[in-house]
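To be precise, the following lines are my_file-v3.pdb, and they hold PDB, C-alpha atoms, pLDDT in the B column.
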ATOM      1  CA  MET P   1      27.333  37.054 -28.326  1.00 83.00           C
ATOM      2  CA  THR P   2      27.517  37.105 -24.522  1.00 88.00           C
ATOM      3  CA  LYS P   3      27.714  40.430 -22.704  1.00 88.00           C
ATOM      4  CA  TYR P   4      28.594  40.977 -19.038  1.00 88.00           C
ATOM      5  CA  LEU P   5      25.945  43.113 -17.348  1.00 91.00           C
ATOM      6  CA  HIS P   6      26.325  43.466 -13.590  1.00 93.00           C
ATOM      7  CA  THR P   7      27.143  41.933 -10.245  1.00 92.00           C
ATOM      8  CA  MET P   8      24.406  42.122  -7.601  1.00 91.00           C
ATOM      9  CA  ILE P   9      24.963  42.404  -3.863  1.00 88.00           C
ATOM     10  CA  ARG P  10      22.328  42.683  -1.154  1.00 89.00           C
ATOM     11  CA  VAL P  11      22.759  45.603   1.194  1.00 88.00           C
ATOM     12  CA  THR P  12      21.216  46.607   4.514  1.00 86.00           C
ATOM     13  CA  ASP P  13      22.184  50.304   4.376  1.00 89.00           C
ATOM     14  CA  PRO P  14      21.988  51.636   0.805  1.00 93.00           C
ATOM     15  CA  ASP P  15      23.229  55.138   1.684  1.00 94.00           C
ATOM     16  CA  ALA P  16      26.347  53.842   3.434  1.00 91.00           C
ATOM     17  CA  THR P  17      27.007  51.413   0.579  1.00 93.00           C
ATOM     18  CA  ILE P  18      26.633  54.107  -2.071  1.00 93.00           C
ATOM     19  CA  LYS P  19      29.030  56.341  -0.149  1.00 91.00           C
ATOM     20  CA  PHE P  20      31.528  53.462   0.038  1.00 88.00           C
ATOM     21  CA  PHE P  21      31.418  52.857  -3.720  1.00 90.00           C
ATOM     22  CA  GLU P  22      31.600  56.593  -4.402  1.00 91.00           C
ATOM     23  CA  LEU P  23      34.954  56.551  -2.611  1.00 84.00           C
ATOM     24  CA  ILE P  24      36.111  54.027  -5.203  1.00 83.00           C
ATOM     25  CA  GLY P  25      34.821  56.219  -8.038  1.00 83.00           C
ATOM     26  CA  LEU P  26      31.442  54.669  -8.856  1.00 89.00           C
ATOM     27  CA  LYS P  27      28.300  56.780  -9.216  1.00 95.00           C
ATOM     28  CA  GLU P  28      24.593  55.934  -9.130  1.00 98.00           C
ATOM     29  CA  VAL P  29      23.323  55.569 -12.702  1.00 98.00           C
ATOM     30  CA  ARG P  30      19.724  54.435 -12.112  1.00 97.00           C
ATOM     31  CA  ARG P  31      17.319  53.290  -9.424  1.00 98.00           C
ATOM     32  CA  PHE P  32      14.137  51.220  -9.354  1.00 97.00           C
ATOM     33  CA  SER P  33      11.840  50.635  -6.371  1.00 98.00           C
ATOM     34  CA  SER P  34       9.016  48.115  -6.116  1.00 96.00           C
ATOM     35  CA  GLU P  35       6.383  48.854  -3.484  1.00 96.00           C
ATOM     36  CA  GLN P  36       4.766  45.461  -4.163  1.00 95.00           C
ATOM     37  CA  GLY P  37       8.050  43.525  -4.000  1.00 94.00           C
ATOM     38  CA  ARG P  38       9.329  45.694  -1.118  1.00 97.00           C
ATOM     39  CA  PHE P  39      12.788  46.253  -2.589  1.00 97.00           C
ATOM     40  CA  THR P  40      14.945  48.893  -4.269  1.00 98.00           C
ATOM     41  CA  LEU P  41      17.547  48.249  -6.965  1.00 97.00           C
ATOM     42  CA  ILE P  42      20.350  50.811  -7.281  1.00 97.00           C
ATOM     43  CA  PHE P  43      22.839  50.508 -10.140  1.00 97.00           C
ATOM     44  CA  LEU P  44      26.341  51.988  -9.838  1.00 93.00           C
ATOM     45  CA  ALA P  45      29.059  52.306 -12.461  1.00 92.00           C
ATOM     46  CA  ALA P  46      32.419  53.935 -12.994  1.00 91.00           C
ATOM     47  CA  PRO P  47      32.336  56.878 -15.421  1.00 93.00           C
ATOM     48  CA  GLY P  48      32.006  55.568 -18.967  1.00 94.00           C
ATOM     49  CA  GLN P  49      30.986  52.092 -17.770  1.00 91.00           C
ATOM     50  CA  GLU P  50      27.227  52.727 -17.549  1.00 94.00           C
ATOM     51  CA  GLY P  51      25.479  49.783 -19.175  1.00 92.00           C
ATOM     52  CA  VAL P  52      28.825  48.003 -19.570  1.00 91.00           C
ATOM     53  CA  ALA P  53      29.945  46.860 -16.113  1.00 92.00           C
ATOM     54  CA  GLU P  54      27.730  47.776 -13.180  1.00 95.00           C
ATOM     55  CA  VAL P  55      27.162  46.895  -9.544  1.00 91.00           C
ATOM     56  CA  GLU P  56      23.519  46.304  -8.602  1.00 94.00           C
ATOM     57  CA  LEU P  57      22.706  47.049  -4.966  1.00 92.00           C
ATOM     58  CA  THR P  58      19.560  45.233  -3.860  1.00 93.00           C
ATOM     59  CA  HIS P  59      17.946  46.611  -0.726  1.00 93.00           C
ATOM     60  CA  ASN P  60      15.125  44.437   0.625  1.00 94.00           C
ATOM     61  CA  TRP P  61      12.984  46.681   2.796  1.00 96.00           C
ATOM     62  CA  ASP P  62      12.135  44.005   5.343  1.00 94.00           C
ATOM     63  CA  PRO P  63      15.051  43.297   7.693  1.00 86.00           C
ATOM     64  CA  GLU P  64      16.933  40.106   6.869  1.00 83.00           C
ATOM     65  CA  GLU P  65      20.240  38.761   8.129  1.00 81.00           C
ATOM     66  CA  TYR P  66      22.460  37.612   5.283  1.00 75.00           C
ATOM     67  CA  THR P  67      24.671  34.679   6.154  1.00 73.00           C
ATOM     68  CA  GLY P  68      26.785  32.277   4.160  1.00 68.00           C
ATOM     69  CA  GLY P  69      27.452  34.766   1.388  1.00 69.00           C
ATOM     70  CA  ARG P  70      23.735  35.386   0.797  1.00 68.00           C
ATOM     71  CA  ASN P  71      24.481  39.108   0.552  1.00 73.00           C
ATOM     72  CA  PHE P  72      26.331  38.381  -2.707  1.00 79.00           C
ATOM     73  CA  GLY P  73      23.595  37.909  -5.240  1.00 76.00           C
ATOM     74  CA  HIS P  74      24.648  36.905  -8.739  1.00 86.00           C
ATOM     75  CA  LEU P  75      26.563  37.582 -11.904  1.00 80.00           C
ATOM     76  CA  ALA P  76      24.400  38.477 -14.899  1.00 87.00           C
ATOM     77  CA  TYR P  77      24.986  37.930 -18.603  1.00 85.00           C
ATOM     78  CA  ARG P  78      22.903  38.797 -21.642  1.00 89.00           C
ATOM     79  CA  VAL P  79      22.840  35.908 -24.131  1.00 90.00           C
ATOM     80  CA  GLU P  80      21.683  35.602 -27.742  1.00 90.00           C
ATOM     81  CA  ASN P  81      19.377  32.667 -27.030  1.00 94.00           C
ATOM     82  CA  VAL P  82      18.562  31.740 -23.439  1.00 95.00           C
ATOM     83  CA  TYR P  83      17.038  28.402 -24.505  1.00 97.00           C
ATOM     84  CA  GLU P  84      20.137  27.305 -26.440  1.00 93.00           C
ATOM     85  CA  THR P  85      22.412  28.489 -23.637  1.00 94.00           C
ATOM     86  CA  CYS P  86      20.430  26.551 -21.011  1.00 94.00           C
ATOM     87  CA  GLN P  87      20.370  23.452 -23.208  1.00 95.00           C
ATOM     88  CA  ARG P  88      24.155  23.655 -23.654  1.00 91.00           C
ATOM     89  CA  LEU P  89      24.569  23.955 -19.869  1.00 93.00           C
ATOM     90  CA  MET P  90      22.199  21.039 -19.214  1.00 93.00           C
ATOM     91  CA  ASP P  91      24.022  18.912 -21.770  1.00 93.00           C
ATOM     92  CA  ALA P  92      27.197  19.575 -19.765  1.00 93.00           C
ATOM     93  CA  GLY P  93      25.523  18.415 -16.548  1.00 92.00           C
ATOM     94  CA  VAL P  94      24.628  21.829 -15.114  1.00 92.00           C
ATOM     95  CA  THR P  95      21.340  22.115 -13.189  1.00 95.00           C
ATOM     96  CA  ILE P  96      19.013  24.872 -14.392  1.00 95.00           C
ATOM     97  CA  ASN P  97      17.881  26.205 -11.015  1.00 96.00           C
ATOM     98  CA  ARG P  98      15.366  28.684 -12.434  1.00 96.00           C
ATOM     99  CA  PRO P  99      14.399  27.671 -15.988  1.00 97.00           C
ATOM    100  CA  PRO P 100      13.635  30.375 -18.585  1.00 97.00           C
ATOM    101  CA  ARG P 101       9.877  29.734 -18.454  1.00 95.00           C
ATOM    102  CA  ASP P 102       9.198  33.291 -19.612  1.00 94.00           C
ATOM    103  CA  GLY P 103      11.696  33.169 -22.489  1.00 94.00           C
ATOM    104  CA  HIS P 104      13.654  35.895 -20.741  1.00 94.00           C
ATOM    105  CA  MET P 105      15.494  34.860 -17.579  1.00 95.00           C
ATOM    106  CA  ALA P 106      17.192  31.799 -16.119  1.00 95.00           C
ATOM    107  CA  PHE P 107      19.474  31.118 -13.150  1.00 94.00           C
ATOM    108  CA  VAL P 108      22.223  28.518 -12.807  1.00 92.00           C
ATOM    109  CA  ARG P 109      25.081  28.045 -10.337  1.00 88.00           C
ATOM    110  CA  SER P 110      28.798  27.839 -10.981  1.00 84.00           C
ATOM    111  CA  PRO P 111      30.757  24.834  -9.672  1.00 76.00           C
ATOM    112  CA  ASP P 112      31.505  26.923  -6.563  1.00 67.00           C
ATOM    113  CA  GLY P 113      27.826  27.748  -6.022  1.00 80.00           C
ATOM    114  CA  ILE P 114      27.878  31.302  -7.403  1.00 77.00           C
ATOM    115  CA  SER P 115      24.499  32.233  -8.843  1.00 87.00           C
ATOM    116  CA  VAL P 116      24.561  33.281 -12.506  1.00 88.00           C
ATOM    117  CA  GLU P 117      21.609  35.021 -14.178  1.00 91.00           C
ATOM    118  CA  LEU P 118      21.114  34.570 -17.923  1.00 92.00           C
ATOM    119  CA  LEU P 119      19.020  37.242 -19.618  1.00 94.00           C
ATOM    120  CA  GLN P 120      17.667  36.937 -23.152  1.00 95.00           C
ATOM    121  CA  GLU P 121      18.738  39.524 -25.728  1.00 92.00           C
ATOM    122  CA  GLY P 122      15.422  40.758 -27.094  1.00 93.00           C
ATOM    123  CA  HIS P 123      12.370  38.529 -26.665  1.00 90.00           C
ATOM    124  CA  LEU P 124      11.641  34.817 -27.113  1.00 95.00           C
ATOM    125  CA  GLU P 125       8.185  33.297 -26.810  1.00 95.00           C
ATOM    126  CA  PRO P 126       7.765  30.900 -23.868  1.00 96.00           C
ATOM    127  CA  ALA P 127       8.472  27.353 -25.074  1.00 96.00           C
ATOM    128  CA  GLU P 128       8.662  23.772 -23.853  1.00 96.00           C
ATOM    129  CA  PRO P 129      10.334  22.051 -22.134  1.00 96.00           C
ATOM    130  CA  TRP P 130      11.171  25.249 -20.252  1.00 96.00           C
ATOM    131  CA  VAL P 131       7.596  26.401 -19.541  1.00 96.00           C
ATOM    132  CA  SER P 132       6.806  23.202 -17.602  1.00 97.00           C
ATOM    133  CA  MET P 133      10.196  22.807 -15.914  1.00 96.00           C
ATOM    134  CA  PRO P 134      10.120  23.377 -12.143  1.00 96.00           C
ATOM    135  CA  ASN P 135      12.672  25.339 -10.141  1.00 96.00           C
ATOM    136  CA  THR P 136      15.458  23.248  -8.631  1.00 95.00           C
ATOM    137  CA  GLY P 137      17.160  24.321  -5.398  1.00 90.00           C
ATOM    138  CA  SER P 138      17.867  27.997  -4.848  1.00 86.00           C
ATOM    139  CA  TRP P 139      19.578  30.534  -6.987  1.00 80.00           C
TER     140      TRP P 139
END

The structure in this file should be written as structure tokens.
Amino acid sequence: MTKYLHTMIRVTDPDATIKFFELIGLKEVRRFSSEQGRFTLIFLAAPGQEGVAEVELTHNWDPEEYTGGRNFGHLAYRVENVYETCQRLMDAGVTINRPPRDGHMAFVRSPDGISVELLQEGHLEPAEPWVSMPNTGSW
């Protein structure tokens, strides 16, 4: 079972972005801030789509200019087994940019360079070869 979760975009003005999406009909459904990581995540959804199809706004507190599409973050999917999914992708020639070392999260890129996050349904114990696999490129 694969389930679509959200699309993430980086924003420089969260209030203006929220107002924009409110004009489309989306509402804020949850928010998380990390003082240590210096970022805020704001999730928006259309009524009835909470937890089904959301937009994640990522606001990095330190100013950064986003070029080359860097403001578009990633697509995210929950998968039944992140290890099996990554192995299937590798077998097809896909680079695992951020291996699922923690048994929870991995990143790959589509043929057009779009970053895709794979999130484990439930919990898997960290396992080889993933634990020792280094990051490759950016995601």

As a check of understanding, name the residues that the PyMOL selection byres ((chain P and resi 47) around 9) selects in the supplied structure, as a list in words. Gly25, Leu26, Lys27, Ala45, Ala46, Gly48, Gln49 and Glu50 of chain P

Would you mind exporting the chosen residues as a PDB file, keeping the file's coordinate frame, restricted to C-alpha atoms?
ATOM      1  CA  GLY P  25      34.821  56.219  -8.038  1.00 83.00           C
ATOM      2  CA  LEU P  26      31.442  54.669  -8.856  1.00 89.00           C
ATOM      3  CA  LYS P  27      28.300  56.780  -9.216  1.00 95.00           C
ATOM      4  CA  ALA P  45      29.059  52.306 -12.461  1.00 92.00           C
ATOM      5  CA  ALA P  46      32.419  53.935 -12.994  1.00 91.00           C
ATOM      6  CA  GLY P  48      32.006  55.568 -18.967  1.00 94.00           C
ATOM      7  CA  GLN P  49      30.986  52.092 -17.770  1.00 91.00           C
ATOM      8  CA  GLU P  50      27.227  52.727 -17.549  1.00 94.00           C
TER       9      GLU P  50
END

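The residue that comes closest to Glu54 (chain P), out of P:Ile96, P:Leu23, P:Leu124, P:Ile42 and on the basis of only C-alpha atoms, is P:Ile42.
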
Could you list, with a cut-off of 10 Å and counting only C-alpha atoms, the residues of region 1-70 of chain P near region 100-121 of chain P, each shown with its nearest atom pair and the distance in Å rounded to one decimal, rows sorted by chain and ascending number, as a tab-separated table?
residue	atom	partner	partner_atom	distance
P:Met1	CA	P:Glu121	CA	9.3
P:Thr2	CA	P:Glu121	CA	9.2
P:Lys3	CA	P:Glu121	CA	9.5
P:Tyr4	CA	P:Leu118	CA	9.9
P:Leu5	CA	P:Leu119	CA	9.4
P:His6	CA	P:Glu117	CA	9.7
P:Thr7	CA	P:Val116	CA	9.3
P:Met8	CA	P:Ser115	CA	10.0
P:Gly69	CA	P:Ile114	CA	9.5

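Neighbouring residues of region 57-68 of chain P at 7 Å or closer, counting all atoms listed in the file and skipping chain neighbours under 2 positions away, are P:Met8, P:Ile9, P:Arg10, P:Val11, P:Thr12, P:Pro14, P:Arg38, P:Phe39, P:Thr40, P:Leu41, P:Ile42, P:Phe43, P:Val55, P:Arg70, P:Asn71.
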
Written file, previous selection with C-alpha atoms, as a compact mmCIF listing (two decimals), keeping the file's coordinate frame:
# COMPACT_ATOMS: atom_id res chain seq x y z
CA MET P 8 24.41 42.12 -7.60
CA ILE P 9 24.96 42.40 -3.86
CA ARG P 10 22.33 42.68 -1.15
CA VAL P 11 22.76 45.60 1.19
CA THR P 12 21.22 46.61 4.51
CA PRO P 14 21.99 51.64 0.80
CA ARG P 38 9.33 45.69 -1.12
CA PHE P 39 12.79 46.25 -2.59
CA THR P 40 14.94 48.89 -4.27
CA LEU P 41 17.55 48.25 -6.96
CA ILE P 42 20.35 50.81 -7.28
CA PHE P 43 22.84 50.51 -10.14
CA VAL P 55 27.16 46.90 -9.54
CA ARG P 70 23.74 35.39 0.80
CA ASN P 71 24.48 39.11 0.55

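Across the model, the gap from CA of Gly73 (chain P) to CA of Phe20 (chain P) is 18.2 Å.
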
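Here CA of Asn97 (chain P) is placed at a distance of 6.0 Å from CA of Gly137 (chain P).
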
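Picture a line from CA of Gly122 (chain P) to CA of Asn81 (chain P); it runs 9.0 Å.
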